[in-house]
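**Student:** Okay, here's the structure, questions in a sec.
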Amino acid sequence: MVLPISNSVLSRVLACLAVALLLAPTLSAQAPLQRFHQSHPAMGTIWTIDLYAPDQPTAEQQLTAAFDEIDRIEDLLSNYKPTSELSRISRDAGQAPTVTDPETFAFLQRSLYWSRVSHGAFDISVGPLLRAWGFIFHQGHVPAQAELDALQPTIGWQHIQLDPAARTVFFTHHHAMELDPGSIGKGFAVDSVVALLRAQGVTSAFISAGGSTFYAIGTIPGKSGWPAEVPDPLHHGQVAATLQLRDTSMSTGACTQKFFLYQGHRYCHIFDPIAMRPVEGVLQSTVIDPSATDSDALSTIVFVLPAAATRRLLHTMPQVQSLVFRQPTAGASEPCSAVNWSGNPCASSALETPGAHTP
Amino acid sequence: MMDRRSFMHGLSAAAIAISANAQSLTGADAEAARQIAPSHDATPLRLGIIGPGSRGKELARSFLRVPGVRITAAADVYAPRFAELNQVCGYEVASHADYRALLDRKDVDAVIVATPLGLHGEQVLAALQAEKHVYGEKTMAFTLDQSAKIVQAATATPRIFQVGHQYRYSPWIRAALARVHQGEIGDVTHIIGYWHRNNSWRRPVPQPSLERLINWRLYNQWSLGLLAELGSHHMDIANWTFGATPTAALASGSICTYHDGRETDDNVQAVLSYPGGKRFIFSSVTDNSQLGDQLWLYGTKGSLNLTLQDATFYYEPRQVTRVDPNHNGAAVTSASYQASGEMPYRGPGHSVEVTTAEDPTTAATRAFIYCCRTGTHPIADVHVGYGSALCVIQSNQARLDRREVAVPPAL
């Protein structure tokens, strides 16, 4: 029996923001800027932006421009829209090298960069896998191995060839592909919106892409940042980390929001592209990085990779903070693993499994 | 139109379908299919862009998806646009404060005109005179006189002039209108176009002195308001559907919500009269987005809904049916009242299926480059542009005069 379940693991983070919203009148009384908030549906979720502006007309113009930009990126990258540039590439690049615009090309370059350095843990070509497992139509099911075997020749980031000189994309296996920006597209859009808002002179804003990717521009006036919390999925109702984000992004991947149950087993929408199966035993990953594009991609990568491989990958990336929770019962040696993370978010987990977390 | 989540099923057949379609279609549809088909011709073609603002940059992105295209020069009176364009292109584009310097360049084969409407006429004419191919944004020109001069200039030159009515290149709109022209919904007598938004249409301005430059759409100096910026696309589709331009225009408008110093109305309504008593009705409001951007074509046998992403047919209940001569059943008396008889139909329609539901601007820009390289006459040619300009300019005159005004014949 398939049971689609929606359960907001990030609600605590949003609740924290709501508290900050309640404080807004007090802040605005002390500062010339006032706080404004607006939400907007895009990319299959609800985006929200909080920003400080001198007056409502200015805020409305800035927010309209910001949401227009999000819609523009969705029109560019959505794999649900046949009119998108990414869909055009998916259709055409198996036939011949396909020229695209510099923005889309940069998006693909960054996507393939993360595929390369993660040795395939991140892969935007997994669209057919999501379809085979029923995540596209919310009809989750476990496909036969033969079905997966048949898909194998058509997917794989290594088949995507980019030529920077000609700005072309070519699928070397001569098949159409289904490029899925789901693990990086929202972060890419967040970075675009941040650049746009900064260009408009916005110095204090908080962008949320459905709760899975945040970006904080500056700070709440008079504060050290924008507050955000990372829930502890091992201890319901508890918070693993409280942060003040400032000029950085935070992205979270979790299996608690999008999954299906089959014969009592939970299948997660985050895939191990190499195994061609949903990732098992991981509850939540959170990554902080100045680039929302990168934190979005990395939140998937650290979700897919074993803890040791994550540490090896992030060893040369000191600006990246990573926090991953795994099911203690799934044979994981580290129910909570933090890399480069400020503070001690694994403290409560460590009490139960001594030595489990890394500093 | 295929479901947004299932279109990928047709991916592998898409390229084959394009060439197959191009061979099986006839006339204008076959020509459109040829022009928008993916091209691997990378013969260098150098573009200059006059007005790399929001629309200009979007056009630049689309043109950069065509093999062999490079944007070599730009002209704008607002200097920050150059850096923005460089970011779009990924390289430095030569910049000019005066568009005439761009037209003097020998390394510009074709020119994009994406400036405020009030400047289109002068700049398009100058570009054609400079023997450049021209992609001119809609509306084609600000006045009928300028529009007529562009027709004259474009027809007298071997250079290509294509107007930015990109919906002429939309696969689903082309497929749907082909069926309409074959009689699928009978005689189309009325078209209603809505373009409803819920925002002020105002752009952020870094300093007050730039208000009229950046928010030019809100001021009469260079703008014909919502009728031009939004209505021109729908009016073009009405012309296309009816195969004619209107004979008369009525229009009205007001400033209802945004009392912020703007001069152009924040809501407009227009009625265009076509031969045979047919009508196109246009409505644009900026304080409610429930209806969005859509057209309804009403025919004697059915209706067609067109949007930015799809096309859907609905069919009228049959009014006359042939009765089986052996039918001898007795009539059963009952109450005559049927509550649902004149309720709006709320059921599903019949989507128009296309294999390549491509972005219309991407398709239109690729078609323009194809025409420049091959000397082929564009689908959205100067006459298409003139027809739409007639509708916009005369509707606006009717709005100003508060009376019905005649629309001159097409050229």
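Every chain in the structure tokens has a letter given in the order shown (A, B, ...), and although residue numbers restart at 1 in each chain, ligands are simply numbered from 1 in the order shown.
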Quick one: residues within 12 Å of Thr104 of chain A, only C-alpha atoms counted, chain neighbours fewer than 3 positions away excluded, as number ranges by chain?
**Tutor:** A: 72-78, 84-89, 98-101, 107-111, 162, 164, 167-169, 181, 185, 188-189; B: 61-62, 64-65, 88-90
**Student:** Can you pull out the residues contacting Ala244 of chain B? Cut-off 12 Å, using only C-alpha atoms, and skip same-chain residues under 3 positions away; I want them as an MDAnalysis selection string.
**Tutor:** chainID B and resid 235:241 247 272:276 278:280 383:384 386:388 390:391 407:411
**Student:** Residues of chain A within 10 Å of chain B, using only C-alpha atoms, as a ChimeraX atom specification?
**Tutor:** /A:57-65,72,75-76,79-85,87-88,90-92,94-104,106,127-128,131,136-137,166-168,174-178,199-201
**Student:** Which neighbours of Ser39 of chain A fall inside 8 Å, counting only C-alpha atoms, when residues of the same chain fewer than 4 positions from it are skipped, and could you give them as number ranges by chain?
**Tutor:** A: 46-49
**Student:** Apply DSSP to the structure's backbone, then extract all residues of segment 217-302 of chain B labelled alpha helix (DSSP H) and return them as a PyMOL selection string.
**Tutor:** chain B and resi 225-229+231-242
**Student:** Give me, please, the distance in Å between atom CA of Ser209 of chain B and atom CA of Ile112 of chain B, quoted to one decimal.
**Tutor:**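 Interatomic distance here is 26.8 Å.
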**Student:** Within segment 153-285 of chain B, find each residue whose DSSP state, derived from the backbone, is strand (DSSP E), and express the selection as number ranges by chain.
**Tutor:** B: 161-163, 188-196, 248-254, 267-274, 278-285
**Student:** Pro378 of chain B: which residues within 9 Å, counting only C-alpha atoms, same-chain residues fewer than 5 positions away excluded, as a list of chain:residue names?
**Tutor:**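 My reading of the contact set: B:Glu31, B:Ala32, B:Gln35, B:Ile160, B:Phe161, B:Gln162, B:Val163, B:Ala367, B:Phe368, B:Tyr370, B:Cys371.
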**Student:** Store the residues picked out above, limited to N, CA and C atoms, as an mmCIF file, in the first residue's frame.
**Tutor:**
```
data_model
loop_
_atom_site.group_PDB
_atom_site.id
_atom_site.type_symbol
_atom_site.label_atom_id
_atom_site.label_comp_id
_atom_site.auth_asym_id
_atom_site.auth_seq_id
_atom_site.Cartn_x
_atom_site.Cartn_y
_atom_site.Cartn_z
ATOM 1 N N GLU B 31 6.071 26.387 -43.452
ATOM 2 C CA GLU B 31 7.150 27.366 -43.451
ATOM 3 C C GLU B 31 7.561 27.694 -42.011
ATOM 4 N N ALA B 32 6.561 27.852 -41.129
ATOM 5 C CA ALA B 32 6.877 28.128 -39.720
ATOM 6 C C ALA B 32 7.663 26.977 -39.117
ATOM 7 N N GLN B 35 11.189 27.201 -40.187
ATOM 8 C CA GLN B 35 11.931 28.314 -39.580
ATOM 9 C C GLN B 35 12.299 28.052 -38.124
ATOM 10 N N ILE B 160 15.842 41.548 -43.705
ATOM 11 C CA ILE B 160 14.722 40.939 -42.983
ATOM 12 C C ILE B 160 14.207 41.908 -41.926
ATOM 13 N N PHE B 161 12.891 42.060 -41.866
ATOM 14 C CA PHE B 161 12.287 42.717 -40.714
ATOM 15 C C PHE B 161 11.302 41.736 -40.093
ATOM 16 N N GLN B 162 11.517 41.443 -38.829
ATOM 17 C CA GLN B 162 10.596 40.573 -38.098
ATOM 18 C C GLN B 162 10.139 41.304 -36.853
ATOM 19 N N VAL B 163 8.838 41.248 -36.587
ATOM 20 C CA VAL B 163 8.296 41.933 -35.420
ATOM 21 C C VAL B 163 8.154 40.938 -34.269
ATOM 22 N N ALA B 367 13.994 31.549 -35.552
ATOM 23 C CA ALA B 367 13.425 31.734 -36.887
ATOM 24 C C ALA B 367 13.979 32.995 -37.540
ATOM 25 N N PHE B 368 14.177 34.036 -36.758
ATOM 26 C CA PHE B 368 14.728 35.278 -37.314
ATOM 27 C C PHE B 368 16.125 35.044 -37.880
ATOM 28 N N TYR B 370 17.364 32.228 -38.871
ATOM 29 C CA TYR B 370 17.185 31.393 -40.080
ATOM 30 C C TYR B 370 16.858 32.275 -41.287
ATOM 31 N N CYS B 371 15.940 33.222 -41.079
ATOM 32 C CA CYS B 371 15.541 34.106 -42.181
ATOM 33 C C CYS B 371 16.710 34.990 -42.630
#
```
**Student:** Mind giving me the straight-line distance from atom CA of Thr264 of chain B to atom CA of Arg399 of chain B in Å, one decimal?
**Tutor:**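 Pair atom CA of Thr264 of chain B / atom CA of Arg399 of chain B returns 10.9 Å.
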**Student:** For each of A:Gln139, A:Thr316, A:Ser224, A:Asn344, take the minimum atom-to-atom distance to Tyr262 of chain A, counting only C-alpha atoms, then give the residue where this is smallest.
**Tutor:**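 Under the stated criterion, the closest residue is A:Gln139.
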**Student:** Can you pull out every residue within 9 Å of Pro278 of chain A, counting only C-alpha atoms, but drop anything in the same chain fewer than 4 positions away, and send it as a list in words?
**Tutor:**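 Once the nearby chain positions are removed, what remains is Trp133, Tyr267, Cys268, His269, Ile270, Phe271, Asp272 and Pro273 of chain A.
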**Student:** Filtering to C-alpha atoms, could you give me those residues as a short mmCIF file (atom, residue, chain, number, x, y, z; two decimals), in the first residue's frame?
**Tutor:**
```cif
data_model
loop_
_atom_site.label_atom_id
_atom_site.label_comp_id
_atom_site.auth_asym_id
_atom_site.auth_seq_id
_atom_site.Cartn_x
_atom_site.Cartn_y
_atom_site.Cartn_z
CA TRP A 133 10.05 4.91 -8.64
CA TYR A 267 11.45 5.06 0.42
CA CYS A 268 12.99 8.54 0.22
CA HIS A 269 12.83 10.88 -2.78
CA ILE A 270 16.55 11.59 -2.51
CA PHE A 271 18.37 9.13 -4.74
CA ASP A 272 21.72 7.46 -4.77
CA PRO A 273 22.27 7.81 -8.52
#
```
**Student:** Residues at most 9 Å from segment 102-111 of chain B, counting only C-alpha atoms, excluding those fewer than 2 positions away in the same chain, as an mmCIF file with N, CA and C atoms, in the first residue's frame?
**Tutor:**
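Output (part03.cif):
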```
data_model
loop_
_atom_site.group_PDB
_atom_site.id
_atom_site.type_symbol
_atom_site.label_atom_id
_atom_site.label_comp_id
_atom_site.auth_asym_id
_atom_site.auth_seq_id
_atom_site.Cartn_x
_atom_site.Cartn_y
_atom_site.Cartn_z
ATOM 1 N N LEU B 45 26.844 35.175 -37.131
ATOM 2 C CA LEU B 45 25.900 36.269 -37.334
ATOM 3 C C LEU B 45 26.008 37.189 -36.120
ATOM 4 N N ARG B 46 26.281 38.465 -36.413
ATOM 5 C CA ARG B 46 26.604 39.417 -35.340
ATOM 6 C C ARG B 46 25.432 40.345 -35.097
ATOM 7 N N LEU B 47 25.029 40.402 -33.832
ATOM 8 C CA LEU B 47 23.849 41.191 -33.464
ATOM 9 C C LEU B 47 24.248 42.443 -32.700
ATOM 10 N N GLY B 48 23.513 43.513 -32.955
ATOM 11 C CA GLY B 48 23.574 44.696 -32.110
ATOM 12 C C GLY B 48 22.228 44.855 -31.431
ATOM 13 N N ILE B 49 22.231 45.283 -30.201
ATOM 14 C CA ILE B 49 20.971 45.431 -29.494
ATOM 15 C C ILE B 49 20.807 46.872 -29.027
ATOM 16 N N ILE B 50 19.708 47.466 -29.449
ATOM 17 C CA ILE B 50 19.376 48.817 -29.001
ATOM 18 C C ILE B 50 18.330 48.664 -27.893
ATOM 19 N N ILE B 71 26.566 38.617 -29.834
ATOM 20 C CA ILE B 71 26.116 39.999 -29.665
ATOM 21 C C ILE B 71 27.366 40.864 -29.572
ATOM 22 N N THR B 72 27.539 41.717 -30.571
ATOM 23 C CA THR B 72 28.799 42.461 -30.666
ATOM 24 C C THR B 72 28.689 43.882 -30.142
ATOM 25 N N ALA B 73 27.485 44.446 -30.131
ATOM 26 C CA ALA B 73 27.374 45.848 -29.712
ATOM 27 C C ALA B 73 26.008 46.111 -29.100
ATOM 28 N N ALA B 74 25.982 47.124 -28.250
ATOM 29 C CA ALA B 74 24.727 47.516 -27.602
ATOM 30 C C ALA B 74 24.672 49.028 -27.518
ATOM 31 N N ALA B 75 23.458 49.541 -27.506
ATOM 32 C CA ALA B 75 23.262 50.982 -27.339
ATOM 33 C C ALA B 75 22.173 51.212 -26.313
ATOM 34 N N ALA B 94 30.559 45.693 -26.925
ATOM 35 C CA ALA B 94 30.863 47.109 -27.189
ATOM 36 C C ALA B 94 29.633 47.958 -26.897
ATOM 37 N N SER B 95 29.818 49.084 -26.236
ATOM 38 C CA SER B 95 28.674 49.874 -25.790
ATOM 39 C C SER B 95 28.673 51.259 -26.437
ATOM 40 N N HIS B 96 27.467 51.749 -26.682
ATOM 41 C CA HIS B 96 27.298 53.071 -27.289
ATOM 42 C C HIS B 96 26.144 53.794 -26.604
ATOM 43 N N ALA B 97 26.348 55.071 -26.318
ATOM 44 C CA ALA B 97 25.260 55.871 -25.764
ATOM 45 C C ALA B 97 24.289 56.308 -26.862
ATOM 46 N N ASP B 98 24.782 56.359 -28.098
ATOM 47 C CA ASP B 98 23.955 56.780 -29.227
ATOM 48 C C ASP B 98 23.764 55.584 -30.156
ATOM 49 N N TYR B 99 22.511 55.249 -30.410
ATOM 50 C CA TYR B 99 22.255 54.048 -31.211
ATOM 51 C C TYR B 99 22.793 54.182 -32.636
ATOM 52 N N ARG B 100 22.932 55.426 -33.107
ATOM 53 C CA ARG B 100 23.414 55.618 -34.473
ATOM 54 C C ARG B 100 24.868 55.153 -34.623
ATOM 55 N N VAL B 113 15.714 45.855 -31.798
ATOM 56 C CA VAL B 113 15.214 47.110 -31.239
ATOM 57 C C VAL B 113 14.261 46.760 -30.098
ATOM 58 N N VAL B 124 13.926 51.685 -35.865
ATOM 59 C CA VAL B 124 13.743 50.627 -36.863
ATOM 60 C C VAL B 124 14.031 51.172 -38.256
ATOM 61 N N ALA B 126 15.886 53.718 -39.072
ATOM 62 C CA ALA B 126 17.325 53.989 -39.220
ATOM 63 C C ALA B 126 18.099 52.699 -39.418
ATOM 64 N N ALA B 127 17.703 51.638 -38.727
ATOM 65 C CA ALA B 127 18.416 50.354 -38.862
ATOM 66 C C ALA B 127 18.211 49.757 -40.250
ATOM 67 N N ALA B 130 20.262 51.602 -42.616
ATOM 68 C CA ALA B 130 21.674 51.220 -42.481
ATOM 69 C C ALA B 130 21.937 49.818 -43.021
ATOM 70 N N GLU B 131 20.920 49.246 -43.655
ATOM 71 C CA GLU B 131 21.004 47.927 -44.296
ATOM 72 C C GLU B 131 21.292 46.817 -43.295
ATOM 73 N N LYS B 132 20.669 46.932 -42.155
ATOM 74 C CA LYS B 132 20.734 45.860 -41.160
ATOM 75 C C LYS B 132 19.424 45.072 -41.202
ATOM 76 N N HIS B 133 19.518 43.776 -40.917
ATOM 77 C CA HIS B 133 18.299 43.039 -40.598
ATOM 78 C C HIS B 133 17.795 43.561 -39.261
ATOM 79 N N VAL B 134 16.463 43.516 -39.057
ATOM 80 C CA VAL B 134 15.917 44.089 -37.829
ATOM 81 C C VAL B 134 14.918 43.135 -37.176
ATOM 82 N N TYR B 135 15.134 42.878 -35.877
ATOM 83 C CA TYR B 135 14.121 42.233 -35.049
ATOM 84 C C TYR B 135 13.550 43.348 -34.178
ATOM 85 N N GLY B 136 12.350 43.791 -34.492
ATOM 86 C CA GLY B 136 11.763 44.929 -33.794
ATOM 87 C C GLY B 136 10.709 44.470 -32.804
ATOM 88 N N ILE B 160 15.842 41.548 -43.705
ATOM 89 C CA ILE B 160 14.722 40.939 -42.983
ATOM 90 C C ILE B 160 14.207 41.908 -41.926
ATOM 91 N N ILE B 369 16.944 34.327 -37.123
ATOM 92 C CA ILE B 369 18.307 34.055 -37.597
ATOM 93 C C ILE B 369 18.260 33.193 -38.867
ATOM 94 N N CYS B 372 17.481 35.503 -41.677
ATOM 95 C CA CYS B 372 18.635 36.335 -42.032
ATOM 96 C C CYS B 372 19.633 35.541 -42.866
#
```
**Student:** Which residue is closest to Met250 of chain A? Choose from A:Ser192, A:Asn340, A:Gln319, A:Ser291 and count only C-alpha atoms.
**Tutor:**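 Of A:Ser192, A:Asn340, A:Gln319, A:Ser291, the one nearest Met250 of chain A is A:Ser291, counting only C-alpha atoms.
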